[in-house]
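Novice: Below you'll find protein_35.txt; it's compact mmCIF, C-alpha atoms.
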# COMPACT_ATOMS: atom_id res chain seq x y z
CA MET A 1 26.30 32.70 102.74
CA PRO A 2 25.23 35.61 100.50
CA THR A 3 21.84 35.53 98.87
CA ALA A 4 21.41 35.49 95.10
CA GLU A 5 20.45 39.17 95.14
CA GLU A 6 23.52 40.12 97.18
CA ASP A 7 25.69 38.08 94.84
CA ARG A 8 24.20 39.84 91.81
CA THR A 9 24.75 43.23 93.44
CA SER A 10 28.40 42.45 94.18
CA ARG A 11 29.04 41.21 90.63
CA ARG A 12 27.43 44.26 89.03
CA LEU A 13 29.29 46.69 91.29
CA ALA A 14 32.59 44.94 90.47
CA TRP A 15 31.81 45.27 86.75
CA CYS A 16 31.12 49.00 87.05
CA VAL A 17 34.13 49.65 89.28
CA ALA A 18 36.40 47.90 86.78
CA HIS A 19 35.29 50.33 84.06
CA LEU A 20 35.66 53.38 86.29
CA LEU A 21 39.16 52.38 87.37
CA ARG A 22 40.33 52.63 83.76
CA HIS A 23 39.87 56.39 83.97
CA ALA A 24 40.92 57.11 87.57
CA PRO A 25 44.30 58.34 88.87
CA ASP A 26 46.39 55.85 90.83
CA ASP A 27 45.51 57.24 94.25
CA ILE A 28 41.79 57.06 93.43
CA VAL A 29 42.22 53.46 92.24
CA THR A 30 43.89 52.50 95.51
CA ASP A 31 41.23 54.29 97.56
CA MET A 32 38.31 52.74 95.68
CA ILE A 33 39.71 49.22 95.88
CA GLY A 34 40.08 49.66 99.64
CA ARG A 35 36.37 50.54 99.93
CA LEU A 36 35.13 47.32 98.30
CA ASP A 37 33.75 44.55 100.47
CA GLU A 38 35.24 41.06 100.19
CA PRO A 39 32.74 39.53 97.68
CA THR A 40 32.91 42.55 95.34
CA ARG A 41 36.70 42.62 95.50
CA LYS A 42 36.81 38.90 94.71
CA TYR A 43 34.62 39.33 91.62
CA LEU A 44 36.65 42.36 90.53
CA CYS A 45 39.95 40.47 90.70
CA ARG A 46 38.67 37.18 89.32
CA ASP A 47 36.25 38.05 86.51
CA GLU A 48 36.61 41.58 85.16
CA TRP A 49 38.64 43.24 82.42
CA LEU A 50 41.25 45.03 84.55
CA SER A 51 43.56 47.72 83.24
CA ALA A 52 47.30 47.13 83.52
CA SER A 53 47.69 49.84 86.16
CA THR A 54 44.83 48.41 88.24
CA VAL A 55 46.48 44.98 88.22
CA THR A 56 49.80 46.53 89.27
CA LEU A 57 48.24 48.42 92.18
CA LEU A 58 46.27 45.36 93.31
CA LEU A 59 49.46 43.29 93.33
CA ARG A 60 51.40 46.02 95.10
CA HIS A 61 48.88 46.82 97.84
CA GLY A 62 46.69 43.69 97.93
CA GLY A 63 47.10 40.42 99.72
CA ALA A 64 47.54 36.77 98.83
CA ALA A 65 43.84 36.36 98.05
CA ASP A 66 43.99 39.17 95.47
CA ARG A 67 46.98 37.53 93.76
CA THR A 68 45.20 34.18 93.69
CA PHE A 69 42.01 35.59 92.19
CA ILE A 70 43.90 37.68 89.60
CA ALA A 71 45.88 34.60 88.59
CA ARG A 72 42.55 32.86 87.85
CA ASN A 73 41.29 35.77 85.75
CA PRO A 74 41.47 34.74 82.07
CA ARG A 75 41.40 38.39 81.03
CA VAL A 76 44.67 39.27 82.79
CA VAL A 77 47.40 38.36 80.32
CA GLY A 78 51.17 38.66 80.57
CA ARG A 79 51.51 39.60 84.24
CA PRO A 80 54.00 37.86 86.59
CA LEU A 81 51.43 35.80 88.46
CA PRO A 82 51.15 32.10 89.31
CA GLY A 83 50.31 30.20 86.14
CA LEU A 84 51.16 33.11 83.84
CA PRO A 85 54.42 33.72 81.94
CA GLY A 86 56.70 36.21 83.64
CA PRO A 87 60.27 36.85 84.80
CA THR A 88 60.57 33.43 86.47
CA ARG A 89 60.41 31.80 83.07
CA TYR A 90 63.58 33.62 82.05
CA ALA A 91 65.52 33.11 85.28
CA HIS A 92 66.68 29.60 84.33
CA ARG A 93 67.81 30.33 80.78
CA ARG A 94 70.87 28.41 79.60
CA THR A 95 73.58 30.35 77.79
CA PRO A 96 73.95 28.77 74.32
CA PRO A 97 77.39 27.17 73.80
CA GLU A 98 78.17 29.25 70.70
CA LEU A 99 77.87 32.47 72.72
CA LEU A 100 80.48 31.50 75.31
CA PRO A 101 83.56 31.93 73.04
CA VAL A 102 82.36 35.39 72.08
CA LEU A 103 81.86 36.41 75.70
CA ARG A 104 85.21 34.88 76.66
CA THR A 105 86.96 37.01 74.02
CA GLU A 106 85.19 40.19 75.07
CA LEU A 107 85.91 39.62 78.76
CA GLY A 108 89.48 38.51 78.28
CA ARG A 109 88.81 35.56 80.58
CA ASP A 110 86.54 32.58 81.00
CA PRO A 111 83.20 33.51 82.61
CA ASP A 112 83.43 30.32 84.68
CA GLU A 113 86.56 31.59 86.46
CA GLY A 114 84.50 33.82 88.71
CA PRO A 115 81.36 35.94 88.89
CA LEU A 116 81.19 39.05 86.71
CA ASP A 117 81.54 42.39 88.44
CA ALA A 118 79.29 45.35 87.62
CA ALA A 119 81.69 46.86 85.05
CA GLU A 120 82.14 43.58 83.17
CA LEU A 121 78.40 42.88 83.21
CA ALA A 122 77.59 46.40 81.99
CA GLY A 123 80.16 46.08 79.21
CA LEU A 124 78.58 42.88 77.92
CA LEU A 125 75.09 44.29 78.20
CA ARG A 126 76.18 47.42 76.35
CA ARG A 127 77.53 45.34 73.44
CA HIS A 128 74.67 42.87 73.12
CA GLY A 129 71.44 44.77 73.85
CA ARG A 130 70.72 46.38 70.51
CA ARG A 131 68.61 43.57 69.05
CA GLY A 132 66.18 42.90 71.89
CA PRO A 133 66.53 41.14 75.24
CA ARG A 134 67.39 37.62 74.08
CA VAL A 135 71.21 37.83 74.28
CA PRO A 136 71.22 40.10 77.39
CA LEU A 137 69.10 37.46 79.12
CA ASP A 138 71.81 34.93 78.28
CA VAL A 139 74.43 37.31 79.68
CA LEU A 140 72.44 37.74 82.89
CA ALA A 141 72.24 33.94 83.19
CA LEU A 142 76.03 33.91 83.78
CA ARG A 143 77.31 34.09 87.33
CA HIS A 144 77.51 37.70 88.47
CA ARG A 145 77.30 39.79 91.61
CA PRO A 146 73.80 41.33 91.71
CA ASP A 147 74.32 45.05 92.27
CA PRO A 148 71.43 47.11 90.84
CA GLU A 149 72.86 50.40 92.08
CA ALA A 150 76.19 49.80 90.32
CA LEU A 151 74.39 48.87 87.10
CA LEU A 152 72.24 51.98 87.41
CA ALA A 153 75.37 54.09 87.84
CA GLU A 154 76.81 52.51 84.68
CA HIS A 155 73.52 53.22 82.89
CA LEU A 156 73.59 56.86 83.97
CA ARG A 157 77.22 57.19 82.85
CA GLU A 158 76.57 55.64 79.43
CA PRO A 159 73.02 54.42 78.73
CA LEU A 160 72.53 50.71 78.21
CA PRO A 161 70.67 49.65 75.05
CA PRO A 162 66.90 49.09 75.35
CA GLY A 163 67.23 45.31 75.07
CA SER A 164 69.57 45.18 78.04
CA VAL A 165 67.31 47.41 80.16
CA GLU A 166 64.36 45.19 79.25
CA ALA A 167 66.32 42.09 80.29
CA LEU A 168 67.22 43.69 83.63
CA LEU A 169 63.56 44.48 84.25
CA LEU A 170 62.67 40.86 83.55
CA VAL A 171 65.15 39.01 85.74
CA ALA A 172 66.97 41.41 88.09
CA ASN A 173 64.06 41.83 90.58
CA LEU A 174 64.72 45.56 90.80
CA PRO A 175 62.98 47.70 93.44
CA LEU A 176 60.46 50.26 92.21
CA GLU A 177 62.81 53.22 92.70
CA THR A 178 65.52 51.57 90.59
CA VAL A 179 63.04 50.64 87.84
CA LEU A 180 61.86 54.25 87.66
CA ALA A 181 65.47 55.46 87.61
CA PHE A 182 66.28 53.17 84.67
CA LEU A 183 63.25 54.47 82.78
CA ALA A 184 64.03 58.09 83.66
CA ALA A 185 67.60 57.94 82.36
CA PRO A 186 68.04 59.05 78.74
CA ALA A 187 67.97 56.05 76.40
CA PRO A 188 70.29 55.79 73.39
CA PRO A 189 68.58 56.06 70.00
CA HIS A 190 68.97 52.42 68.96
CA GLY A 191 66.54 52.01 66.07
CA ARG A 192 62.87 51.97 66.91
CA SER A 193 63.04 49.72 69.98
CA TRP A 194 63.48 52.50 72.55
CA HIS A 195 59.91 51.96 73.80
CA ARG A 196 60.33 48.30 74.76
CA PRO A 197 61.54 48.82 78.38
CA ALA A 198 58.56 51.09 79.11
CA VAL A 199 56.05 48.66 77.60
CA ARG A 200 57.70 45.72 79.38
CA ALA A 201 57.72 47.52 82.74
CA VAL A 202 53.96 48.14 82.55
CA ARG A 203 53.12 44.69 81.24
CA MET A 204 55.08 42.83 83.90
CA GLY A 205 53.45 44.88 86.66
CA ALA A 206 56.51 46.88 87.73
CA VAL A 207 55.02 50.37 87.18
CA THR A 208 51.69 51.99 86.36
CA HIS A 209 51.03 54.19 83.37
CA GLU A 210 50.86 57.23 85.64
CA GLU A 211 54.30 56.45 87.12
CA LEU A 212 55.64 55.99 83.61
CA VAL A 213 54.41 59.45 82.57
CA ALA A 214 55.86 61.02 85.71
CA HIS A 215 59.38 59.60 85.22
CA VAL A 216 60.13 58.81 81.55
CA ALA A 217 62.50 61.31 79.96
CA PRO A 218 62.87 63.09 77.63
CA ALA A 219 59.34 64.47 77.37
CA HIS A 220 58.83 63.78 73.68
CA ARG A 221 59.20 60.04 74.29
CA THR A 222 56.31 60.14 76.75
CA LEU A 223 54.18 61.76 74.05
CA LEU A 224 55.25 59.07 71.58
CA LEU A 225 54.34 56.32 74.06
CA ALA A 226 50.73 57.52 73.86
CA ARG A 227 50.81 56.96 70.09
CA LEU A 228 53.62 54.58 69.22
CA PRO A 229 54.81 54.55 65.61
CA ASP A 230 53.73 51.55 63.58
CA THR A 231 56.49 48.99 64.13
CA HIS A 232 56.71 45.26 64.70
CA GLY A 233 57.60 43.56 67.95
CA LEU A 234 56.59 44.33 71.53
CA ARG A 235 53.88 46.99 71.55
CA TRP A 236 50.90 48.14 73.60
CA THR A 237 47.74 46.12 73.42
CA LEU A 238 44.70 48.28 72.77
CA PRO A 239 43.67 48.45 76.47
CA GLU A 240 47.27 49.30 77.42
CA GLN A 241 47.39 52.02 74.78
CA ALA A 242 44.13 53.44 76.13
CA GLY A 243 45.63 53.45 79.63
CA MET A 244 48.76 55.22 78.40
CA GLN A 245 46.64 57.77 76.56
CA THR A 246 44.62 58.38 79.74
CA ALA A 247 47.77 58.99 81.82
CA VAL A 248 49.33 61.32 79.23
CA LEU A 249 46.11 63.32 78.81
CA ARG A 250 45.96 63.70 82.59
CA ALA A 251 49.46 65.19 82.54
CA LEU A 252 48.50 67.50 79.64
CA ARG A 253 45.27 68.70 81.24
CA PRO A 254 46.77 72.02 82.48
CA LEU A 255 47.16 73.05 78.81
CA GLY A 256 43.37 73.08 78.48
CA ASP A 257 42.02 74.00 75.03
CA ASP A 258 44.54 76.80 74.45
CA PRO A 259 45.97 76.27 70.92
CA ARG A 260 48.93 78.49 71.76
CA LEU A 261 50.05 76.21 74.59
CA TRP A 262 49.65 73.12 72.41
CA ALA A 263 51.74 74.76 69.69
CA GLU A 264 54.39 75.57 72.31
CA LEU A 265 54.28 71.95 73.49
CA LEU A 266 55.08 70.74 69.99
CA ARG A 267 57.84 73.35 69.59
CA HIS A 268 59.61 72.67 72.89
CA ALA A 269 59.10 68.91 73.26
CA PRO A 270 61.92 67.80 70.90
CA GLY A 271 64.60 69.63 72.89
CA TYR A 272 63.30 69.35 76.45
CA ARG A 273 65.28 66.79 78.43
CA GLY A 274 63.04 66.44 81.50
CA PRO A 275 59.78 64.47 82.00
CA LEU A 276 56.49 65.57 80.46
CA PRO A 277 54.82 66.94 83.65
CA ALA A 278 57.77 69.28 84.18
CA LEU A 279 57.47 70.53 80.59
CA VAL A 280 53.73 71.14 80.99
CA ALA A 281 54.31 73.05 84.24
CA ALA A 282 56.97 75.17 82.54
CA LEU A 283 54.67 75.89 79.59
CA THR A 284 51.80 77.03 81.81
CA ASP A 285 54.22 79.27 83.74
CA ALA A 286 55.86 80.55 80.53
CA ALA A 287 59.24 79.47 81.90
CA VAL A 288 60.52 76.99 79.30
CA PRO A 289 64.22 77.53 78.53
CA GLU A 290 65.02 77.77 74.82
CA ALA A 291 66.96 74.77 73.48
CA ALA A 292 69.49 75.67 70.83
CA ASP A 293 69.55 72.21 69.24
CA ALA A 294 65.85 71.37 69.56
CA GLY A 295 65.21 71.07 65.83
CA ALA A 296 61.87 70.51 64.18
CA PRO A 297 59.53 67.84 65.58
CA GLY A 298 59.54 64.59 63.64
CA PRO A 299 56.44 63.24 61.90
CA ASP A 300 55.80 60.67 64.64
CA LEU A 301 55.80 63.38 67.32
CA VAL A 302 53.54 65.61 65.24
CA ARG A 303 51.12 62.72 64.82
CA ALA A 304 51.18 61.96 68.56
CA VAL A 305 50.46 65.57 69.58
CA ARG A 306 47.67 65.89 67.03
CA HIS A 307 46.14 62.69 68.38
CA LEU A 308 46.22 64.05 71.94
CA ALA A 309 45.22 67.67 71.24
CA PRO A 310 41.56 68.63 71.83
CA THR A 311 39.45 69.01 68.72
CA ALA A 312 35.99 70.44 68.13
CA VAL A 313 35.47 68.69 64.78
CA GLU A 314 32.15 66.88 64.71
CA PRO A 315 31.01 64.34 62.11
CA TYR A 316 28.51 65.68 59.61
CA GLY A 317 25.48 63.60 58.76
CA GLY A 318 22.40 65.78 58.93
CA VAL A 319 19.19 63.87 59.64
CA GLU A 320 20.97 60.51 59.58
CA ARG A 321 23.33 61.64 62.31
CA GLU A 322 20.44 62.86 64.46
CA LEU A 323 18.76 59.49 64.00
CA ALA A 324 21.97 57.70 64.98
CA LEU A 325 22.35 59.82 68.14
CA THR A 326 18.73 59.17 69.07
CA SER A 327 19.18 55.43 68.56
CA LEU A 328 21.84 55.36 71.27
CA ALA A 329 19.13 56.12 73.81
CA VAL A 330 16.72 53.52 72.40
CA PRO A 331 18.37 50.07 72.39
CA MET A 332 17.02 47.59 69.88
CA ASP A 333 15.24 44.37 70.80
CA ARG A 334 18.38 42.25 70.45
CA VAL A 335 21.90 43.12 71.58
CA ASP A 336 23.53 41.88 68.38
CA GLU A 337 21.25 44.13 66.30
CA ASP A 338 22.15 47.10 68.48
CA ILE A 339 25.88 46.35 68.11
CA ARG A 340 25.55 45.94 64.34
CA TRP A 341 23.76 49.30 64.08
CA VAL A 342 26.34 51.19 66.17
CA ARG A 343 29.26 49.64 64.25
CA ASP A 344 27.62 50.58 60.95
CA CYS A 345 27.09 54.17 62.11
CA ILE A 346 30.74 54.41 63.20
CA ASP A 347 31.93 53.02 59.85
CA ARG A 348 29.78 55.55 57.97
CA GLY A 349 31.11 58.45 60.06
CA LEU A 350 27.76 59.24 61.67
CA LEU A 351 28.94 58.40 65.20
CA THR A 352 32.24 58.52 67.06
CA GLY A 353 33.37 56.98 70.32
CA ARG A 354 32.80 60.39 71.94
CA ASP A 355 29.15 60.34 70.87
CA VAL A 356 28.61 56.94 72.45
CA ILE A 357 30.02 58.11 75.80
CA ARG A 358 27.82 61.23 75.76
CA HIS A 359 24.54 59.79 74.52
CA LYS A 360 24.32 56.03 75.07
CA LEU A 361 22.37 54.80 78.03
CA PRO A 362 22.66 53.34 80.52
CA ALA A 363 26.01 54.87 81.41
CA CYS A 364 27.56 51.54 82.41
CA TRP A 365 26.95 50.24 78.87
CA ALA A 366 28.59 53.30 77.35
CA LEU A 367 31.74 52.73 79.41
CA ASP A 368 31.91 49.07 78.32
CA GLN A 369 32.94 48.91 74.65
CA ASP A 370 31.77 45.28 74.49
CA HIS A 371 28.18 46.56 74.72
CA TRP A 372 28.42 48.63 71.55
CA LEU A 373 31.28 47.06 69.57
CA GLY A 374 30.69 43.42 70.44
CA ASP A 375 32.27 41.00 72.89
CA VAL A 376 35.67 39.60 71.99
CA ASP A 377 38.05 37.34 73.89
CA HIS A 378 41.45 38.74 72.92
CA PRO A 379 43.46 41.17 75.11
CA ASP A 380 44.14 43.45 72.12
CA ARG A 381 40.44 43.54 71.50
CA HIS A 382 38.05 45.39 69.13
CA ASP A 383 38.55 46.02 65.46
CA ARG A 384 37.59 49.71 65.75
CA PRO A 385 40.56 51.05 67.78
CA ALA A 386 39.89 54.70 66.88
CA ALA A 387 36.39 54.50 68.37
CA VAL A 388 37.71 52.82 71.53
CA LEU A 389 40.46 55.41 72.06
CA ALA A 390 38.05 58.30 71.37
CA SER A 391 35.55 56.94 73.89
CA HIS A 392 38.28 56.55 76.49
CA ALA A 393 39.47 60.13 75.96
CA GLU A 394 35.94 61.51 76.25
CA ALA A 395 35.19 59.54 79.41
CA ASP A 396 38.52 60.69 80.88
CA GLN A 397 37.62 64.32 80.29
CA LEU A 398 34.04 64.09 81.57
CA LEU A 399 35.11 62.30 84.77
CA ALA A 400 38.01 64.68 85.35
CA LEU A 401 35.83 67.77 84.88
CA ALA A 402 33.16 66.49 87.24
CA LEU A 403 35.11 64.58 89.87
CA ASP A 404 38.69 65.89 89.72
CA GLU A 405 40.60 63.85 92.36
CA ASP A 406 37.90 63.69 95.03
CA PRO A 407 37.81 60.08 96.34
CA GLU A 408 34.32 60.46 97.79
CA ALA A 409 32.93 61.70 94.46
CA TRP A 410 34.48 58.79 92.56
CA TRP A 411 33.05 56.33 95.08
CA ASN A 412 29.59 57.91 94.79
CA VAL A 413 29.73 57.45 91.01
CA ALA A 414 30.77 53.81 91.46
CA ARG A 415 27.86 53.12 93.82
CA THR A 416 25.33 54.93 91.62
CA LEU A 417 26.46 53.55 88.27
CA PRO A 418 25.10 49.95 88.52
CA GLU A 419 21.43 50.96 88.71
CA PHE A 420 21.54 54.33 86.91
CA ALA A 421 19.44 54.36 83.74
CA GLY A 422 20.64 57.65 82.22
CA THR A 423 23.74 58.77 80.34
CA LEU A 424 27.16 59.36 81.87
CA PRO A 425 26.86 63.21 81.81
CA HIS A 426 23.52 62.96 83.59
CA LEU A 427 25.01 60.62 86.18
CA LEU A 428 27.85 63.05 86.86
CA LEU A 429 25.35 65.90 87.14
CA ARG A 430 23.33 63.96 89.71
CA VAL A 431 26.34 62.91 91.78
CA THR A 432 28.06 66.30 91.84
CA GLU A 433 24.86 68.43 91.86
CA GLY A 434 26.58 70.89 89.57
CA GLY A 435 26.08 72.06 86.02
CA SER A 436 25.78 69.58 83.17
CA VAL A 437 29.06 68.72 81.47
CA SER A 438 27.38 67.31 78.37
CA GLY A 439 26.83 70.55 76.49
CA ARG A 440 30.38 71.83 76.20
CA SER A 441 31.88 72.37 72.76
So that I can check it, write out the structure of this file as structure tokens.

Specialist:
Amino acid sequence: MPTAEEDRTSRRLAWCVAHLLRHAPDDIVTDMIGRLDEPTRKYLCRDEWLSASTVTLLLRHGGAADRTFIARNPRVVGRPLPGLPGPTRYAHRRTPPELLPVLRTELGRDPDEGPLDAAELAGLLRRHGRRGPRVPLDVLALRHRPDPEALLAEHLREPLPPGSVEALLLVANLPLETVLAFLAAPAPPHGRSWHRPAVRAVRMGAVTHEELVAHVAPAHRTLLLARLPDTHGLRWTLPEQAGMQTAVLRALRPLGDDPRLWAELLRHAPGYRGPLPALVAALTDAAVPEAADAGAPGPDLVRAVRHLAPTAVEPYGGVERELALTSLAVPMDRVDEDIRWVRDCIDRGLLTGRDVIRHKLPACWALDQDHWLGDVDHPDRHDRPAAVLASHAEADQLLALALDEDPEAWWNVARTLPEFAGTLPHLLLRVTEGGSVSGRS
């Protein structure tokens, strides 16, 4: 039976690890989870805000206890776990009677005469997947011979609409390799719903953000996933968008701060047919083939690249800004007063999310937006999304510069973070025993 002090230590370590895992590559996440003792792992799975990719990796590599604790976590929403909505809910859908005559006409026979083969199923999915997954789910409720490889071949020959791919992800129980192949195949430009299969795949726990970045093609769609256009329907929650931004920025890190490479990224992205990491590698090697029909980048792509590109613009506030920066190191008597002050400074342009990550102490509070924007109970949380995304991007860069992909360094930060009283740059300086990363431009 653990003592109260041991219980407190396990809870606090789980809290800090949950925040670090938002910024770590997949292999680091898996390694760090494997280092946790049983009580800490239980508190991590049961009580903490977990990123979508962390949940996916825990379900993929964890055991029955992990699944049980995650299913009890009220902050894990929309994953296929016991007690939560998921693919099982759609597996028993009834085809509406008014749809059957339409399908009978398109097939040239009654669907009840025998199971659909792959060609017939693909034909129906191709006709009925342009307005979301509802009708494709009804089509998949008909008797058919499950053959993911044949459907993938049909998709590669002539891409299925996004709604049909989303329906397949929901109910077809596809293996990981097939899911990635569906997402890697070029999608037809059906309206503005092309992003739905990617969002659905992450939300249902099929892939991580990092796997999405590595496989989605063409490259410009990966960039757009980090900053989706403003549309209705299925979209990223704010934590999911932060996770996607983190994964895309990790892929773009070889470009550094070179404005020439970022300009080349924007010029070549519209016509490059491969995934984003391949485009970045080609840009850094100056080996990108010219695309004759690339065309100019659209406004959504321009906005996405500008959002991701490094910037040295700092808010201007004179003495008031200096006071605001100093206040981050001197918390007020009450937490709600401190939150109100930080929110007011952000609204007035005196502080950004980057400033909070650099200057707020202790470091564990800076990484937890609830400690400087207020605690909320909704998965798409916080009414200052720009500050949240900016803080995520800054933490990503600081941790990547200091720790790279060294599992031991990440674990040392996790162990030091719960009781460290300084800022995040100072913590990274202590752990790595290198130069400070807080003074860069």

Novice: Nearest to Cys16 of chain A: which of A:Cys364, A:Leu276, A:Leu224, A:Leu238 is it, counting all atoms listed in the file?

Specialist: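 Between A:Cys364, A:Leu276, A:Leu224, A:Leu238, the residue approaching Cys16 of chain A most closely is A:Cys364.
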
Novice: Nearest residue to Leu399 of chain A out of A:Pro101, A:Ile33, A:Thr246, A:Ala287, using all atoms listed in the file?

Specialist: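 Among A:Pro101, A:Ile33, A:Thr246, A:Ala287, it is A:Thr246 that comes nearest to Leu399 of chain A.
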
Novice: Let me make sure I understand: among A:Arg273, A:Arg358, A:His19, A:His209, which one has the smallest atom-to-atom distance to Leu180 of chain A if we use all atoms listed in the file?

Specialist: A:His209

Novice: I'd like the contact shell of His232 of chain A - 10 Å cut-off, all atoms listed in the file, skipping same-chain residues fewer than 3 positions apart - returned as a PyMOL selection string.

Specialist: chain A and resi 192-193+229+235

Novice: Could you tell me, as a PDB file with C-alpha atoms, in the coordinates of the input, which residues have any atom at most 10 Å from (52.8, 72.6, 81.6), counting only C-alpha atoms?

Specialist:
ATOM      1  CA  ALA A 251      49.460  65.190  82.540  1.00  0.00           C
ATOM      2  CA  LEU A 252      48.500  67.500  79.640  1.00  0.00           C
ATOM      3  CA  ARG A 253      45.270  68.700  81.240  1.00  0.00           C
ATOM      4  CA  PRO A 254      46.770  72.020  82.480  1.00  0.00           C
ATOM      5  CA  LEU A 255      47.160  73.050  78.810  1.00  0.00           C
ATOM      6  CA  GLY A 256      43.370  73.080  78.480  1.00  0.00           C
ATOM      7  CA  LEU A 261      50.050  76.210  74.590  1.00  0.00           C
ATOM      8  CA  TRP A 262      49.650  73.120  72.410  1.00  0.00           C
ATOM      9  CA  GLU A 264      54.390  75.570  72.310  1.00  0.00           C
ATOM     10  CA  LEU A 265      54.280  71.950  73.490  1.00  0.00           C
ATOM     11  CA  LEU A 276      56.490  65.570  80.460  1.00  0.00           C
ATOM     12  CA  PRO A 277      54.820  66.940  83.650  1.00  0.00           C
ATOM     13  CA  ALA A 278      57.770  69.280  84.180  1.00  0.00           C
ATOM     14  CA  LEU A 279      57.470  70.530  80.590  1.00  0.00           C
ATOM     15  CA  VAL A 280      53.730  71.140  80.990  1.00  0.00           C
ATOM     16  CA  ALA A 281      54.310  73.050  84.240  1.00  0.00           C
ATOM     17  CA  ALA A 282      56.970  75.170  82.540  1.00  0.00           C
ATOM     18  CA  LEU A 283      54.670  75.890  79.590  1.00  0.00           C
ATOM     19  CA  THR A 284      51.800  77.030  81.810  1.00  0.00           C
ATOM     20  CA  ASP A 285      54.220  79.270  83.740  1.00  0.00           C
ATOM     21  CA  ALA A 286      55.860  80.550  80.530  1.00  0.00           C
ATOM     22  CA  ALA A 287      59.240  79.470  81.900  1.00  0.00           C
ATOM     23  CA  VAL A 288      60.520  76.990  79.300  1.00  0.00           C
TER      24      VAL A 288
END

Novice: Residues within 12 Å of Pro425 of chain A, please, as JSON, numbers by chain. Count all atoms listed in the file; anything in the same chain fewer than 3 positions from it doesn't count.

Specialist: {"A": [354, 355, 356, 357, 358, 359, 360, 361, 362, 363, 364, 366, 367, 394, 395, 396, 397, 398, 399, 400, 401, 402, 403, 413, 417, 420, 421, 422, 428, 429, 430, 431, 432, 433, 434, 435, 436, 437, 438, 439, 440]}

Novice: If you measure from atom CA of Glu240 of chain A to atom CA of Asp347 of chain A, what distance in Å do you get, rounded to one decimal?

Specialist: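 Distance reported for this atom pair: 23.6 Å.
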
Novice: I'd like to know which of A:Pro275, A:Pro115, A:Pro297, A:Pro39 is closest to Pro146 of chain A, using only C-alpha atoms.

Specialist: A:Pro115

Novice: Which neighbours of Pro133 of chain A fall inside 12 Å, counting only C-alpha atoms, when residues of the same chain fewer than 3 positions from it are skipped, and could you give them as a PyMOL selection string?

Specialist: chain A and resi 90+125-130+136-140+160-171+193+196-197+200+233-234

Novice: Keeping only C-alpha atoms, write the selected residues as a PDB file, in the frame of the given file.

Specialist:
ATOM      1  CA  TYR A  90      63.580  33.620  82.050  1.00  0.00           C
ATOM      2  CA  LEU A 125      75.090  44.290  78.200  1.00  0.00           C
ATOM      3  CA  ARG A 126      76.180  47.420  76.350  1.00  0.00           C
ATOM      4  CA  ARG A 127      77.530  45.340  73.440  1.00  0.00           C
ATOM      5  CA  HIS A 128      74.670  42.870  73.120  1.00  0.00           C
ATOM      6  CA  GLY A 129      71.440  44.770  73.850  1.00  0.00           C
ATOM      7  CA  ARG A 130      70.720  46.380  70.510  1.00  0.00           C
ATOM      8  CA  PRO A 136      71.220  40.100  77.390  1.00  0.00           C
ATOM      9  CA  LEU A 137      69.100  37.460  79.120  1.00  0.00           C
ATOM     10  CA  ASP A 138      71.810  34.930  78.280  1.00  0.00           C
ATOM     11  CA  VAL A 139      74.430  37.310  79.680  1.00  0.00           C
ATOM     12  CA  LEU A 140      72.440  37.740  82.890  1.00  0.00           C
ATOM     13  CA  LEU A 160      72.530  50.710  78.210  1.00  0.00           C
ATOM     14  CA  PRO A 161      70.670  49.650  75.050  1.00  0.00           C
ATOM     15  CA  PRO A 162      66.900  49.090  75.350  1.00  0.00           C
ATOM     16  CA  GLY A 163      67.230  45.310  75.070  1.00  0.00           C
ATOM     17  CA  SER A 164      69.570  45.180  78.040  1.00  0.00           C
ATOM     18  CA  VAL A 165      67.310  47.410  80.160  1.00  0.00           C
ATOM     19  CA  GLU A 166      64.360  45.190  79.250  1.00  0.00           C
ATOM     20  CA  ALA A 167      66.320  42.090  80.290  1.00  0.00           C
ATOM     21  CA  LEU A 168      67.220  43.690  83.630  1.00  0.00           C
ATOM     22  CA  LEU A 169      63.560  44.480  84.250  1.00  0.00           C
ATOM     23  CA  LEU A 170      62.670  40.860  83.550  1.00  0.00           C
ATOM     24  CA  VAL A 171      65.150  39.010  85.740  1.00  0.00           C
ATOM     25  CA  SER A 193      63.040  49.720  69.980  1.00  0.00           C
ATOM     26  CA  ARG A 196      60.330  48.300  74.760  1.00  0.00           C
ATOM     27  CA  PRO A 197      61.540  48.820  78.380  1.00  0.00           C
ATOM     28  CA  ARG A 200      57.700  45.720  79.380  1.00  0.00           C
ATOM     29  CA  GLY A 233      57.600  43.560  67.950  1.00  0.00           C
ATOM     30  CA  LEU A 234      56.590  44.330  71.530  1.00  0.00           C
TER      31      LEU A 234
END

Novice: What lies within 8 Å of segment 59-67 of chain A using only C-alpha atoms, ignoring chain neighbours under 2 positions off, as a list of chain:residue names?

Specialist: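 Using only C-alpha atoms, the neighbours found are A:Thr30, A:Lys42, A:Cys45, A:Val55, A:Thr56, A:Leu57, A:Phe69, A:Ile70, A:Ala71, A:Leu81, A:Gly205.
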
Novice: Please, could you write that set of residues out with C-alpha atoms as a compact mmCIF listing (two decimals), in the frame of the given file?

Specialist:
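Result file is result_4.txt:
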# COMPACT_ATOMS: atom_id res chain seq x y z
CA THR A 30 43.89 52.50 95.51
CA LYS A 42 36.81 38.90 94.71
CA CYS A 45 39.95 40.47 90.70
CA VAL A 55 46.48 44.98 88.22
CA THR A 56 49.80 46.53 89.27
CA LEU A 57 48.24 48.42 92.18
CA PHE A 69 42.01 35.59 92.19
CA ILE A 70 43.90 37.68 89.60
CA ALA A 71 45.88 34.60 88.59
CA LEU A 81 51.43 35.80 88.46
CA GLY A 205 53.45 44.88 86.66
